[in-house]
>>> print(open('run.json').read())   # JSON, C-alpha atoms
[["chain", "number", "residue", "atom", "x", "y", "z"],
["A", 1, "VAL", "CA", 0.00, 0.00, 0.00],
["A", 2, "VAL", "CA", 1.39, 3.37, -1.03],
["A", 3, "ASN", "CA", 0.28, 6.55, 0.70],
["A", 4, "LEU", "CA", -0.02, 9.21, -1.98],
["A", 5, "VAL", "CA", 0.80, 12.83, -1.14],
["A", 6, "VAL", "CA", -0.56, 15.27, -3.71],
["A", 7, "ILE", "CA", 0.67, 18.86, -3.48],
["A", 8, "ASN", "CA", -1.47, 21.09, -5.65],
["A", 9, "GLU", "CA", -1.94, 24.52, -4.09],
["A", 10, "ASP", "CA", -2.35, 28.09, -5.31],
["A", 11, "SER", "CA", -0.26, 30.05, -2.81],
["A", 12, "PHE", "CA", 3.12, 29.90, -1.10],
["A", 13, "GLU", "CA", 1.58, 29.61, 2.38],
["A", 14, "ASP", "CA", -0.71, 26.73, 1.39],
["A", 15, "VAL", "CA", 2.15, 24.83, -0.23],
["A", 16, "GLU", "CA", 4.32, 25.30, 2.88],
["A", 17, "ALA", "CA", 1.51, 24.12, 5.17],
["A", 18, "GLN", "CA", 0.82, 21.03, 3.07],
["A", 19, "MET", "CA", 4.51, 20.11, 2.90],
["A", 20, "ASP", "CA", 4.87, 20.49, 6.68],
["A", 21, "ARG", "CA", 1.77, 18.35, 7.17],
["A", 22, "ALA", "CA", 3.12, 15.61, 4.86],
["A", 23, "ILE", "CA", 6.52, 15.58, 6.60],
["A", 24, "GLY", "CA", 4.81, 15.39, 10.01],
["A", 25, "VAL", "CA", 2.56, 12.52, 8.95],
["A", 26, "TRP", "CA", 5.52, 10.63, 7.48],
["A", 27, "ARG", "CA", 7.55, 11.02, 10.70],
["A", 28, "SER", "CA", 4.68, 9.97, 12.95],
["A", 29, "LEU", "CA", 3.91, 6.90, 10.81],
["A", 30, "ARG", "CA", 7.57, 5.95, 10.81],
["A", 31, "GLU", "CA", 7.74, 6.19, 14.60],
["A", 32, "MET", "CA", 4.54, 4.16, 15.06],
["A", 33, "MET", "CA", 4.92, 1.45, 12.44],
["A", 34, "GLY", "CA", 8.56, 1.34, 11.44],
["A", 35, "LYS", "CA", 10.33, 1.68, 8.14],
["A", 36, "ALA", "CA", 8.44, -1.03, 6.25],
["A", 37, "SER", "CA", 5.08, 0.72, 6.29],
["A", 38, "THR", "CA", 6.12, 4.21, 5.25],
["A", 39, "ASN", "CA", 5.67, 3.84, 1.49],
["A", 40, "PHE", "CA", 4.92, 7.32, 0.24],
["A", 41, "GLY", "CA", 4.52, 8.65, -3.24],
["A", 42, "LEU", "CA", 4.68, 12.38, -3.98],
["A", 43, "VAL", "CA", 2.81, 14.09, -6.81],
["A", 44, "ILE", "CA", 3.45, 17.77, -7.46],
["A", 45, "ASP", "CA", 2.39, 19.85, -10.43],
["A", 46, "GLY", "CA", 4.16, 22.61, -12.32],
["A", 47, "HIS", "CA", 1.92, 25.37, -10.97],
["A", 48, "THR", "CA", 2.84, 24.42, -7.41],
["A", 49, "LEU", "CA", 6.53, 24.07, -8.27],
["A", 50, "GLN", "CA", 6.71, 27.76, -9.11],
["A", 51, "PHE", "CA", 6.13, 28.50, -5.40],
["A", 52, "VAL", "CA", 8.72, 25.95, -4.29],
["A", 53, "LEU", "CA", 11.73, 26.25, -6.59],
["A", 54, "LYS", "CA", 14.30, 28.97, -5.84],
["A", 55, "THR", "CA", 12.71, 29.63, -2.42],
["A", 56, "GLU", "CA", 13.25, 28.34, 1.11],
["A", 57, "LEU", "CA", 10.72, 25.57, 0.39],
["A", 58, "GLU", "CA", 13.18, 23.95, -2.01],
["A", 59, "LYS", "CA", 14.99, 22.18, 0.82],
["A", 60, "LYS", "CA", 11.69, 20.88, 2.22],
["A", 61, "LEU", "CA", 10.76, 19.53, -1.21],
["A", 62, "VAL", "CA", 14.05, 17.63, -1.45],
["A", 63, "LEU", "CA", 13.58, 16.31, 2.12],
["A", 64, "LEU", "CA", 10.04, 15.21, 1.29],
["A", 65, "GLY", "CA", 11.27, 13.62, -1.94],
["A", 66, "LYS", "CA", 13.90, 11.63, -0.01],
["A", 67, "MET", "CA", 11.15, 10.27, 2.23],
["A", 68, "CYS", "CA", 9.19, 8.97, -0.75],
["A", 69, "LYS", "CA", 9.69, 5.91, -2.89],
["A", 70, "THR", "CA", 8.41, 7.75, -5.96],
["A", 71, "VAL", "CA", 8.23, 11.43, -6.90],
["A", 72, "LEU", "CA", 6.13, 12.45, -9.88],
["A", 73, "ALA", "CA", 6.19, 16.00, -11.22],
["A", 74, "CYS", "CA", 3.42, 16.55, -13.75],
["A", 75, "ARG", "CA", 2.67, 19.41, -16.13],
["A", 76, "VAL", "CA", 6.15, 20.84, -15.59],
["A", 77, "ALA", "CA", 7.83, 23.41, -17.83],
["A", 78, "PRO", "CA", 11.28, 22.58, -19.27],
["A", 79, "LYS", "CA", 12.95, 25.21, -17.07],
["A", 80, "GLN", "CA", 11.30, 23.74, -13.97],
["A", 81, "LYS", "CA", 12.62, 20.29, -14.86],
["A", 82, "ALA", "CA", 16.17, 21.61, -14.87],
["A", 83, "GLU", "CA", 15.61, 23.58, -11.66],
["A", 84, "LEU", "CA", 14.22, 20.49, -9.93],
["A", 85, "VAL", "CA", 17.33, 18.48, -10.82],
["A", 86, "GLU", "CA", 19.55, 21.38, -9.70],
["A", 87, "ALA", "CA", 17.66, 21.54, -6.38],
["A", 88, "VAL", "CA", 18.29, 17.84, -5.72],
["A", 89, "ARG", "CA", 21.97, 18.31, -6.58],
["A", 90, "ALA", "CA", 22.25, 21.38, -4.32],
["A", 91, "TRP", "CA", 20.49, 19.99, -1.24],
["A", 92, "ASP", "CA", 21.50, 16.32, -1.43],
["A", 93, "LYS", "CA", 25.14, 16.33, -2.43],
["A", 94, "ASP", "CA", 25.82, 12.64, -1.76],
["A", 95, "LYS", "CA", 23.33, 11.46, -4.42],
["A", 96, "VAL", "CA", 23.94, 11.04, -8.13],
["A", 97, "THR", "CA", 21.14, 12.37, -10.29],
["A", 98, "MET", "CA", 20.06, 10.88, -13.59],
["A", 99, "ALA", "CA", 17.69, 12.56, -16.01],
["A", 100, "ILE", "CA", 15.92, 10.71, -18.80],
["A", 101, "GLY", "CA", 14.39, 12.64, -21.66],
["A", 102, "ASP", "CA", 13.09, 12.08, -25.15],
["A", 103, "GLY", "CA", 12.79, 15.52, -26.70],
["A", 104, "ALA", "CA", 14.04, 19.07, -26.95],
["A", 105, "ASN", "CA", 12.06, 20.08, -23.86],
["A", 106, "ASP", "CA", 14.22, 17.76, -21.74],
["A", 107, "VAL", "CA", 17.62, 19.10, -22.82],
["A", 108, "GLY", "CA", 17.99, 21.46, -19.82],
["A", 109, "MET", "CA", 17.11, 18.70, -17.38],
["A", 110, "ILE", "CA", 19.54, 16.27, -19.02],
["A", 111, "GLY", "CA", 22.30, 18.88, -18.86],
["A", 112, "ALA", "CA", 21.64, 19.64, -15.19],
["A", 113, "ALA", "CA", 21.90, 16.02, -14.05],
["A", 114, "HIS", "CA", 25.08, 14.08, -13.28],
["A", 115, "VAL", "CA", 24.11, 11.48, -15.88],
["A", 116, "GLY", "CA", 21.89, 12.31, -18.82],
["A", 117, "VAL", "CA", 20.07, 9.66, -20.84],
["A", 118, "GLY", "CA", 18.45, 10.49, -24.16],
["A", 119, "ILE", "CA", 15.75, 8.40, -25.78],
["A", 120, "VAL", "CA", 15.77, 8.60, -29.57],
["A", 121, "GLY", "CA", 12.22, 8.60, -30.83],
["A", 122, "VAL", "CA", 9.37, 10.48, -32.40],
["A", 123, "GLU", "CA", 10.25, 13.85, -30.86],
["A", 124, "GLY", "CA", 13.66, 13.97, -32.49],
["A", 125, "VAL", "CA", 17.29, 13.61, -31.51],
["A", 126, "GLU", "CA", 17.84, 16.73, -29.38],
["A", 127, "ALA", "CA", 17.80, 14.75, -26.14],
["A", 128, "LYS", "CA", 20.27, 12.27, -27.63],
["A", 129, "LEU", "CA", 22.66, 15.03, -28.61],
["A", 130, "ALA", "CA", 22.63, 16.53, -25.08],
["A", 131, "SER", "CA", 22.94, 13.24, -23.21],
["A", 132, "ASP", "CA", 25.77, 11.08, -21.92],
["A", 133, "PHE", "CA", 24.04, 7.86, -23.01],
["A", 134, "ALA", "CA", 21.42, 7.35, -25.67],
["A", 135, "PHE", "CA", 19.23, 4.45, -26.73],
["A", 136, "THR", "CA", 16.01, 3.79, -28.58],
["A", 137, "ARG", "CA", 13.84, 2.09, -25.96],
["A", 138, "PHE", "CA", 13.24, 2.38, -22.23],
["A", 139, "ARG", "CA", 13.80, -1.34, -21.80],
["A", 140, "PHE", "CA", 17.54, -0.78, -22.27],
["A", 141, "LEU", "CA", 17.64, 1.39, -19.14],
["A", 142, "ARG", "CA", 17.99, -1.58, -16.76],
["A", 143, "ARG", "CA", 21.05, -2.87, -18.59],
["A", 144, "LEU", "CA", 22.54, 0.62, -18.71],
["A", 145, "LEU", "CA", 22.22, 1.03, -14.95],
["A", 146, "LEU", "CA", 23.09, -2.44, -13.72],
["A", 147, "VAL", "CA", 25.71, -3.57, -16.24],
["A", 148, "HIS", "CA", 27.26, -0.63, -18.02],
["A", 149, "GLY", "CA", 27.06, 1.63, -14.97],
["A", 150, "ARG", "CA", 29.15, -0.80, -12.95],
["A", 151, "TRP", "CA", 31.60, -1.36, -15.80],
["A", 152, "ASN", "CA", 31.98, 2.38, -16.28],
["A", 153, "TYR", "CA", 32.61, 2.88, -12.56],
["A", 154, "ARG", "CA", 35.31, 0.19, -12.55],
["A", 155, "ARG", "CA", 36.97, 1.58, -15.70],
["A", 156, "MET", "CA", 37.03, 5.09, -14.24],
["A", 157, "THR", "CA", 38.58, 3.95, -10.95],
["A", 158, "ARG", "CA", 41.27, 2.01, -12.79],
["A", 159, "MET", "CA", 41.97, 5.01, -15.02],
["A", 160, "ALA", "CA", 42.25, 7.33, -12.00],
["A", 161, "LEU", "CA", 44.73, 4.96, -10.34],
["A", 162, "TYR", "CA", 46.70, 4.66, -13.58],
["A", 163, "ILE", "CA", 46.96, 8.44, -13.92],
["A", 164, "ILE", "CA", 48.14, 8.82, -10.33],
["A", 165, "TYR", "CA", 50.79, 6.08, -10.63],
["A", 166, "LYS", "CA", 51.95, 7.34, -14.04],
["A", 167, "SER", "CA", 52.35, 10.88, -12.71],
["A", 168, "ILE", "CA", 54.32, 9.67, -9.70],
["A", 169, "THR", "CA", 56.56, 7.54, -11.93],
["A", 170, "VAL", "CA", 57.29, 10.37, -14.37],
["A", 171, "ALA", "CA", 57.97, 12.84, -11.56],
["A", 172, "MET", "CA", 60.34, 10.44, -9.81],
["A", 173, "LEU", "CA", 62.18, 9.77, -13.09],
["A", 174, "GLU", "CA", 62.67, 13.51, -13.57],
["A", 175, "VAL", "CA", 63.97, 13.96, -10.01],
["A", 176, "TYR", "CA", 66.34, 11.00, -10.40],
["A", 177, "PHE", "CA", 67.55, 12.28, -13.79],
["A", 178, "ALA", "CA", 68.17, 15.76, -12.35],
["A", 179, "PHE", "CA", 71.00, 14.32, -10.22],
["A", 180, "TYR", "CA", 72.82, 13.13, -13.34],
["A", 181, "ASN", "CA", 72.44, 16.24, -15.50],
["A", 182, "ASP", "CA", 73.48, 18.64, -12.72],
["A", 183, "TYR", "CA", 70.00, 20.21, -12.45],
["A", 184, "SER", "CA", 70.31, 21.74, -15.92],
["A", 185, "GLY", "CA", 66.59, 21.61, -16.58],
["A", 186, "GLN", "CA", 66.90, 19.04, -19.36],
["A", 187, "LEU", "CA", 63.95, 16.68, -19.32],
["A", 188, "PHE", "CA", 64.28, 12.91, -19.31],
["A", 189, "VAL", "CA", 60.73, 12.32, -20.62],
["A", 190, "ASP", "CA", 59.42, 14.29, -23.57],
["A", 191, "PRO", "CA", 56.43, 16.42, -22.41],
["A", 192, "MET", "CA", 54.38, 15.10, -25.32],
["A", 193, "LEU", "CA", 54.73, 11.58, -23.94],
["A", 194, "ALA", "CA", 54.26, 12.35, -20.24]]
>>> encode(input="run.json", output="structure tokens")
Amino acid sequence: VVNLVVINEDSFEDVEAQMDRAIGVWRSLREMMGKASTNFGLVIDGHTLQFVLKTELEKKLVLLGKMCKTVLACRVAPKQKAELVEAVRAWDKDKVTMAIGDGANDVGMIGAAHVGVGIVGVEGVEAKLASDFAFTRFRFLRRLLLVHGRWNYRRMTRMALYIIYKSITVAMLEVYFAFYNDYSGQLFVDPMLA
């Protein structure tokens, strides 16, 4: 059973009151029933987001989003999509954000996320051109996350270690060579190769 929180208000004060109410209910349910029974879903619309984004309610929205299993933003403008991703990045720095889009209206959101995924389809290739990864169907998303994401992480860690060890080796060669050329400034390793 998922408890659905719908935030659809017409003023800043009403939005703040409803967010506070939702956070309070979530905390009280968690204290009474434990972690297993606090399945929340959050639905917020674009009209309400204009009161939340770039204000002090932004942090509460990210906190409320972290409490939920699913967050759905509907009827959102392209600028608001990007601002929502930027808010998550600003207030929850230990998380990696991923944006998935299929058209030109998603380009800002894809660019604001850590990882951008473009779906090539009916709406064109703009999302593909702005993304880090692109594919033609949503069904490839699971493989991208579980297989290629892990492989990419392992390749990047190996590359970082290689760069560190290579830099140390080249620097130590130069220091050792400096003893033999009387500190003349002549290089042992060509800078183009280092």
>>> closest_residue(input="run.json", among="A:Met172, A:Ile163, A:Ala178, A:Val88", to="Lys66 of chain A", atoms="all atoms listed in the file")
A:Val88
>>> atom_distance(input="run.json", atom1="atom CA of Gly124 of chain A", atom2="atom CA of Val85 of chain A")
22.4 Å
>>> closest_residue(input="run.json", among="A:Lys93, A:Arg142, A:Arg154, A:Lys79", to="His114 of chain A", atoms="all atoms listed in the file")
A:Lys93
>>> residues_around(input="run.json", residues="Gly116 of chain A", least_positions_apart="4", cutoff="9 Å", atoms="only C-alpha atoms", output="list of chain:residue names")
A:Thr97, A:Met98, A:Ala99, A:Ile100, A:Gly101, A:Val107, A:Met109, A:Ile110, A:Gly111, A:Ala112, A:Ala127, A:Lys128, A:Ala130, A:Ser131, A:Asp132, A:Phe133, A:Ala134
>>> atom_distance(input="run.json", atom1="atom CA of Lys59 of chain A", atom2="atom CA of Val117 of chain A")
25.5 Å
>>> atom_distance(input="run.json", atom1="atom CA of Arg27 of chain A", atom2="atom CA of Leu4 of chain A")
14.9 Å
>>> residues_around(input="run.json", residues="segment 14-16 of chain A", least_positions_apart="3", cutoff="10 Å", atoms="all atoms listed in the file", output="PDB file with C-alpha atoms, in the frame of the given file")
ATOM      1  CA  ILE A   7       0.670  18.860  -3.480  1.00  0.00           C
ATOM      2  CA  ASN A   8      -1.470  21.090  -5.650  1.00  0.00           C
ATOM      3  CA  GLU A   9      -1.940  24.520  -4.090  1.00  0.00           C
ATOM      4  CA  ASP A  10      -2.350  28.090  -5.310  1.00  0.00           C
ATOM      5  CA  SER A  11      -0.260  30.050  -2.810  1.00  0.00           C
ATOM      6  CA  MET A  19       4.510  20.110   2.900  1.00  0.00           C
ATOM      7  CA  ASP A  20       4.870  20.490   6.680  1.00  0.00           C
ATOM      8  CA  ARG A  21       1.770  18.350   7.170  1.00  0.00           C
ATOM      9  CA  ALA A  22       3.120  15.610   4.860  1.00  0.00           C
ATOM     10  CA  THR A  48       2.840  24.420  -7.410  1.00  0.00           C
ATOM     11  CA  LEU A  49       6.530  24.070  -8.270  1.00  0.00           C
ATOM     12  CA  PHE A  51       6.130  28.500  -5.400  1.00  0.00           C
ATOM     13  CA  VAL A  52       8.720  25.950  -4.290  1.00  0.00           C
ATOM     14  CA  GLU A  56      13.250  28.340   1.110  1.00  0.00           C
ATOM     15  CA  LEU A  57      10.720  25.570   0.390  1.00  0.00           C
ATOM     16  CA  LYS A  60      11.690  20.880   2.220  1.00  0.00           C
ATOM     17  CA  LEU A  61      10.760  19.530  -1.210  1.00  0.00           C
TER      18      LEU A  61
END
>>> residues_near_point(input="run.json", point="(10.2, 22.1, -12.1)", cutoff="9 Å", atoms="all atoms listed in the file", output="NGL selection string")
:A and (45-47 or 49-50 or 52-53 or 73-85)
>>> closest_residue(input="run.json", among="A:Cys68, A:Ala113, A:Ala90, A:Ile119", to="Arg139 of chain A", atoms="only C-alpha atoms")
A:Ile119
>>> closest_residue(input="run.json", among="A:Val96, A:Leu29, A:Leu146, A:Val189", to="Ser167 of chain A", atoms="all atoms listed in the file")
A:Val189
